[in-house]
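Here the structure comes first, spelled out in structure tokens, and everything after it is commentary.
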Amino acid sequence: MKLSLKYSFSICFLLSLFFAQAQEKTTTSKEQGVTITESKSIVTSKKKADKKLEVVEKDSIKPKTDRYGLIVGVDINKIARSLYDTDYKGIAFTGDYRLTKNYYLYGELGNENITVDDPQLNTTSKGSYIKVGFDYNAYTNWLDMENRITLGMRYGFGTFSETLNSYEIYNPHPYFQQSPSVTSGTTFDGLTASWAEVAAGVNVKVFNNIYVGFSLQLKMLITNSEPTNFENLYIPGFNRTYDGNFGAGFTYSVSYFIPIYKKKVTATKKVAPKK
């Protein structure tokens, strides 16, 4: 009887140990399941937060707008010279049309009337000219700025007349008395000239749609029809010839921009890879 009770207690003790271990395993597996579920929930929430942040970053970058249209201007340098120089009258109108982000078509139309007093000749040149070409904007603007630093090429063509007002006969022996000036008044019509030029300029937006700028040009004559017995001292649009085929020019302009249409440039933002 004592032996049977001893075995009964042993069996009960072993059963209690078995059920305790089983309950401990069940609790551990449940805790692991909760931990995995919580981890998955945290990862999912982080992914959603990252997506929302990325959407906010994309929405916060405003697209840049480029305006395209026609820029018309007038050469203030010629108008100012007409006021203080009694031997000069001139005016010129300029135009730029934006083709692409950086390229512009260029055109210029002008008229000049100038009297040149040379040591041997006094002549008056009258005529009109036209220039066509293109400009490249080498300046990168910030936000909605529209300033330009340009390099360009032009082809110019002018029609004009030369009037020989007076001249002096060349005297190879200056110790003799100088011959008096001869008044002529002969006019040579139907003269033409063409040239190529390289231009560099700056245009700055000072008010809404209003720009001021200047341009320097280096020129080379291509064709030049001359009067009988003397050379052209001044060609409208080309300026002084200085006994050669090269010349220079300067313009100071005030322009107004006429917008025609717009293009939106979407800014791209590089996001660093997530670790």
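Going through the structure tokens in order, the chains are called A, B, and so on, while each chain numbers its residues from 1 and the ligands are numbered from 1 in the order shown.
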
Every residue of stretch 69-119 of chain A that DSSP places in strand (DSSP E), as an MDAnalysis selection string: chainID A and resid 69:75 88:98 103:117

Atoms to include: N, CA and C atoms. Write the selected residues as a JSON list (two decimals), in the first residue's frame.
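So the final result, stored in part08.json, reads:
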[["chain", "number", "residue", "atom", "x", "y", "z"],
["A", 69, "GLY", "N", 8.13, 84.69, -75.61],
["A", 69, "GLY", "CA", 7.45, 85.78, -76.29],
["A", 69, "GLY", "C", 8.42, 86.67, -77.04],
["A", 70, "LEU", "N", 7.99, 87.89, -77.31],
["A", 70, "LEU", "CA", 8.73, 88.86, -78.12],
["A", 70, "LEU", "C", 9.23, 89.99, -77.23],
["A", 71, "ILE", "N", 10.51, 90.34, -77.39],
["A", 71, "ILE", "CA", 11.11, 91.47, -76.67],
["A", 71, "ILE", "C", 11.42, 92.56, -77.68],
["A", 72, "VAL", "N", 10.76, 93.70, -77.57],
["A", 72, "VAL", "CA", 10.98, 94.82, -78.50],
["A", 72, "VAL", "C", 11.64, 95.96, -77.73],
["A", 73, "GLY", "N", 12.60, 96.62, -78.39],
["A", 73, "GLY", "CA", 13.33, 97.68, -77.72],
["A", 73, "GLY", "C", 13.78, 98.77, -78.66],
["A", 74, "VAL", "N", 14.38, 99.79, -78.09],
["A", 74, "VAL", "CA", 14.90, 100.92, -78.85],
["A", 74, "VAL", "C", 16.31, 101.22, -78.36],
["A", 75, "ASP", "N", 17.18, 101.62, -79.28],
["A", 75, "ASP", "CA", 18.56, 101.93, -78.96],
["A", 75, "ASP", "C", 18.64, 103.36, -78.42],
["A", 88, "TYR", "N", 24.73, 114.27, -86.35],
["A", 88, "TYR", "CA", 24.21, 112.90, -86.34],
["A", 88, "TYR", "C", 22.72, 112.87, -86.04],
["A", 89, "LYS", "N", 22.01, 112.05, -86.78],
["A", 89, "LYS", "CA", 20.62, 111.73, -86.52],
["A", 89, "LYS", "C", 20.43, 110.24, -86.76],
["A", 90, "GLY", "N", 19.86, 109.55, -85.78],
["A", 90, "GLY", "CA", 19.68, 108.11, -85.96],
["A", 90, "GLY", "C", 18.72, 107.50, -84.97],
["A", 91, "ILE", "N", 18.16, 106.36, -85.34],
["A", 91, "ILE", "CA", 17.27, 105.61, -84.47],
["A", 91, "ILE", "C", 17.32, 104.15, -84.88],
["A", 92, "ALA", "N", 17.13, 103.26, -83.92],
["A", 92, "ALA", "CA", 17.15, 101.82, -84.21],
["A", 92, "ALA", "C", 16.20, 101.10, -83.27],
["A", 93, "PHE", "N", 15.50, 100.11, -83.80],
["A", 93, "PHE", "CA", 14.59, 99.27, -83.03],
["A", 93, "PHE", "C", 15.11, 97.84, -83.06],
["A", 94, "THR", "N", 15.06, 97.19, -81.91],
["A", 94, "THR", "CA", 15.56, 95.82, -81.78],
["A", 94, "THR", "C", 14.42, 94.89, -81.40],
["A", 95, "GLY", "N", 14.61, 93.61, -81.71],
["A", 95, "GLY", "CA", 13.62, 92.60, -81.36],
["A", 95, "GLY", "C", 14.27, 91.25, -81.11],
["A", 96, "ASP", "N", 13.81, 90.57, -80.05],
["A", 96, "ASP", "CA", 14.26, 89.21, -79.73],
["A", 96, "ASP", "C", 13.03, 88.33, -79.56],
["A", 97, "TYR", "N", 13.09, 87.14, -80.16],
["A", 97, "TYR", "CA", 12.01, 86.18, -79.98],
["A", 97, "TYR", "C", 12.60, 84.89, -79.42],
["A", 98, "ARG", "N", 12.08, 84.46, -78.27],
["A", 98, "ARG", "CA", 12.63, 83.28, -77.61],
["A", 98, "ARG", "C", 12.14, 82.01, -78.29],
["A", 103, "TYR", "N", 17.98, 79.90, -76.64],
["A", 103, "TYR", "CA", 18.22, 80.52, -77.95],
["A", 103, "TYR", "C", 17.11, 81.53, -78.29],
["A", 104, "TYR", "N", 17.55, 82.66, -78.85],
["A", 104, "TYR", "CA", 16.66, 83.75, -79.24],
["A", 104, "TYR", "C", 16.95, 84.16, -80.68],
["A", 105, "LEU", "N", 15.91, 84.42, -81.44],
["A", 105, "LEU", "CA", 16.07, 85.06, -82.74],
["A", 105, "LEU", "C", 16.24, 86.55, -82.52],
["A", 106, "TYR", "N", 17.13, 87.17, -83.32],
["A", 106, "TYR", "CA", 17.41, 88.60, -83.14],
["A", 106, "TYR", "C", 17.17, 89.34, -84.45],
["A", 107, "GLY", "N", 16.61, 90.55, -84.33],
["A", 107, "GLY", "CA", 16.41, 91.40, -85.49],
["A", 107, "GLY", "C", 16.60, 92.86, -85.09],
["A", 108, "GLU", "N", 17.08, 93.66, -86.04],
["A", 108, "GLU", "CA", 17.29, 95.08, -85.79],
["A", 108, "GLU", "C", 17.02, 95.86, -87.06],
["A", 109, "LEU", "N", 16.33, 96.98, -86.92],
["A", 109, "LEU", "CA", 16.01, 97.85, -88.05],
["A", 109, "LEU", "C", 16.34, 99.28, -87.65],
["A", 110, "GLY", "N", 17.14, 99.97, -88.49],
["A", 110, "GLY", "CA", 17.56, 101.31, -88.11],
["A", 110, "GLY", "C", 17.79, 102.23, -89.28],
["A", 111, "ASN", "N", 17.96, 103.51, -88.95],
["A", 111, "ASN", "CA", 18.22, 104.55, -89.95],
["A", 111, "ASN", "C", 19.22, 105.54, -89.36],
["A", 112, "GLU", "N", 20.19, 105.97, -90.18],
["A", 112, "GLU", "CA", 21.21, 106.90, -89.71],
["A", 112, "GLU", "C", 21.49, 107.97, -90.77],
["A", 113, "ASN", "N", 21.82, 109.16, -90.28],
["A", 113, "ASN", "CA", 22.21, 110.29, -91.12],
["A", 113, "ASN", "C", 23.36, 110.99, -90.40],
["A", 114, "ILE", "N", 24.57, 110.90, -90.97],
["A", 114, "ILE", "CA", 25.75, 111.41, -90.26],
["A", 114, "ILE", "C", 26.68, 112.12, -91.24],
["A", 115, "THR", "N", 27.25, 113.20, -90.75],
["A", 115, "THR", "CA", 28.26, 113.94, -91.51],
["A", 115, "THR", "C", 29.62, 113.68, -90.87],
["A", 116, "VAL", "N", 30.57, 113.24, -91.67],
["A", 116, "VAL", "CA", 31.91, 112.91, -91.19],
["A", 116, "VAL", "C", 32.90, 113.91, -91.78],
["A", 117, "ASP", "N", 33.64, 114.55, -90.90],
["A", 117, "ASP", "CA", 34.64, 115.53, -91.32],
["A", 117, "ASP", "C", 36.02, 114.90, -91.19]]

Separation of atom CA of A:Tyr167 from atom CA of A:Ile235, in Å and rounded to one decimal: 18.8 Å

Find the residues near A:Val202: any atom within 8 Å, counting only C-alpha atoms, skip ones fewer than 2 places away on the same chain, and give them as a CSV table (one decimal) with N, CA, C and O atoms, in the first residue's frame.
chain,number,residue,atom,x,y,z
A,147,ASN,N,17.0,87.4,-66.5
A,147,ASN,CA,18.2,88.1,-66.9
A,147,ASN,C,18.9,87.3,-68.0
A,147,ASN,O,18.8,86.1,-68.1
A,148,ARG,N,19.7,88.0,-68.8
A,148,ARG,CA,20.4,87.3,-69.9
A,148,ARG,C,21.9,87.9,-70.0
A,148,ARG,O,22.1,89.1,-69.9
A,149,ILE,N,22.8,86.9,-70.2
A,149,ILE,CA,24.1,87.3,-70.7
A,149,ILE,C,24.3,86.5,-72.0
A,149,ILE,O,24.3,85.3,-72.0
A,150,THR,N,24.4,87.3,-73.1
A,150,THR,CA,24.2,86.6,-74.4
A,150,THR,C,25.5,86.7,-75.3
A,150,THR,O,26.3,87.7,-75.2
A,200,ALA,N,28.2,90.5,-78.0
A,200,ALA,CA,28.1,90.1,-76.6
A,200,ALA,C,27.4,91.1,-75.8
A,200,ALA,O,27.6,92.3,-76.0
A,204,VAL,N,19.1,93.1,-68.3
A,204,VAL,CA,18.7,92.9,-66.9
A,204,VAL,C,17.2,93.4,-66.7
A,204,VAL,O,16.9,94.5,-67.3
A,213,GLY,N,19.8,97.0,-71.2
A,213,GLY,CA,20.9,96.2,-71.6
A,213,GLY,C,21.8,97.0,-72.5
A,213,GLY,O,21.5,98.0,-73.0
A,214,PHE,N,23.0,96.4,-72.7
A,214,PHE,CA,24.0,96.9,-73.6
A,214,PHE,C,24.6,95.8,-74.4
A,214,PHE,O,24.6,94.6,-74.0
A,215,SER,N,25.2,96.1,-75.5
A,215,SER,CA,25.8,95.1,-76.4
A,215,SER,C,27.0,95.7,-77.1
A,215,SER,O,27.0,96.9,-77.5

Non-local contacts of A:Leu191 (10 Å; only C-alpha atoms; under 4 positions in same chain excluded) as JSON, numbers by chain: {"A": [127, 158, 159, 160, 161, 162, 224, 225, 226, 227, 232, 235]}

Shell around A:Leu216 at 9 Å using only C-alpha atoms, local window under 3 positions removed, as a PyMOL selection string: chain A and resi 198-201+248-251

Kindly export the residues of the current selection with N, CA and C atoms, as a tab-separated table (two decimals), in the first residue's frame.
chain	number	residue	atom	x	y	z
A	198	VAL	N	29.87	89.72	-84.58
A	198	VAL	CA	29.75	88.93	-83.35
A	198	VAL	C	29.40	89.90	-82.23
A	199	ALA	N	28.40	89.54	-81.43
A	199	ALA	CA	27.91	90.44	-80.39
A	199	ALA	C	27.89	89.76	-79.03
A	200	ALA	N	28.22	90.54	-78.01
A	200	ALA	CA	28.12	90.08	-76.62
A	200	ALA	C	27.36	91.13	-75.84
A	201	GLY	N	26.39	90.69	-75.04
A	201	GLY	CA	25.56	91.67	-74.35
A	201	GLY	C	25.02	91.18	-73.03
A	248	ALA	N	33.44	98.37	-85.31
A	248	ALA	CA	32.92	98.05	-83.98
A	248	ALA	C	31.66	98.87	-83.73
A	249	GLY	N	30.86	98.41	-82.80
A	249	GLY	CA	29.62	99.10	-82.48
A	249	GLY	C	29.22	98.91	-81.03
A	250	PHE	N	28.33	99.78	-80.57
A	250	PHE	CA	27.84	99.73	-79.19
A	250	PHE	C	26.37	100.14	-79.19
A	251	THR	N	25.56	99.40	-78.45
A	251	THR	CA	24.15	99.75	-78.28
A	251	THR	C	23.79	99.72	-76.81

Every residue of stretch 43-225 of chain A that DSSP places in alpha helix (DSSP H), as a PyMOL selection string: chain A and resi 43-60+76-84

Selected residue of minimal separation from A:Ser184 among A:Asn239, A:Thr124, A:Ser255, A:Thr100, counting only C-alpha atoms: A:Thr124

Atom pair atom CA of A:Gly152 / atom CA of A:Gly237: separation (Å):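 According to the coordinates, atom CA of A:Gly152 and atom CA of A:Gly237 are separated by 16.5 Å.
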
Among the residues A:Tyr252, A:Phe230, A:Val132, A:Leu143, the one that comes closest to A:Lys264 [using only C-alpha atoms]: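 Using only C-alpha atoms, the shortest distance to A:Lys264 belongs to A:Leu143.
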
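Coordinates place atom CA of A:Lys219 at a distance of 6.7 Å from atom CA of A:Trp195.
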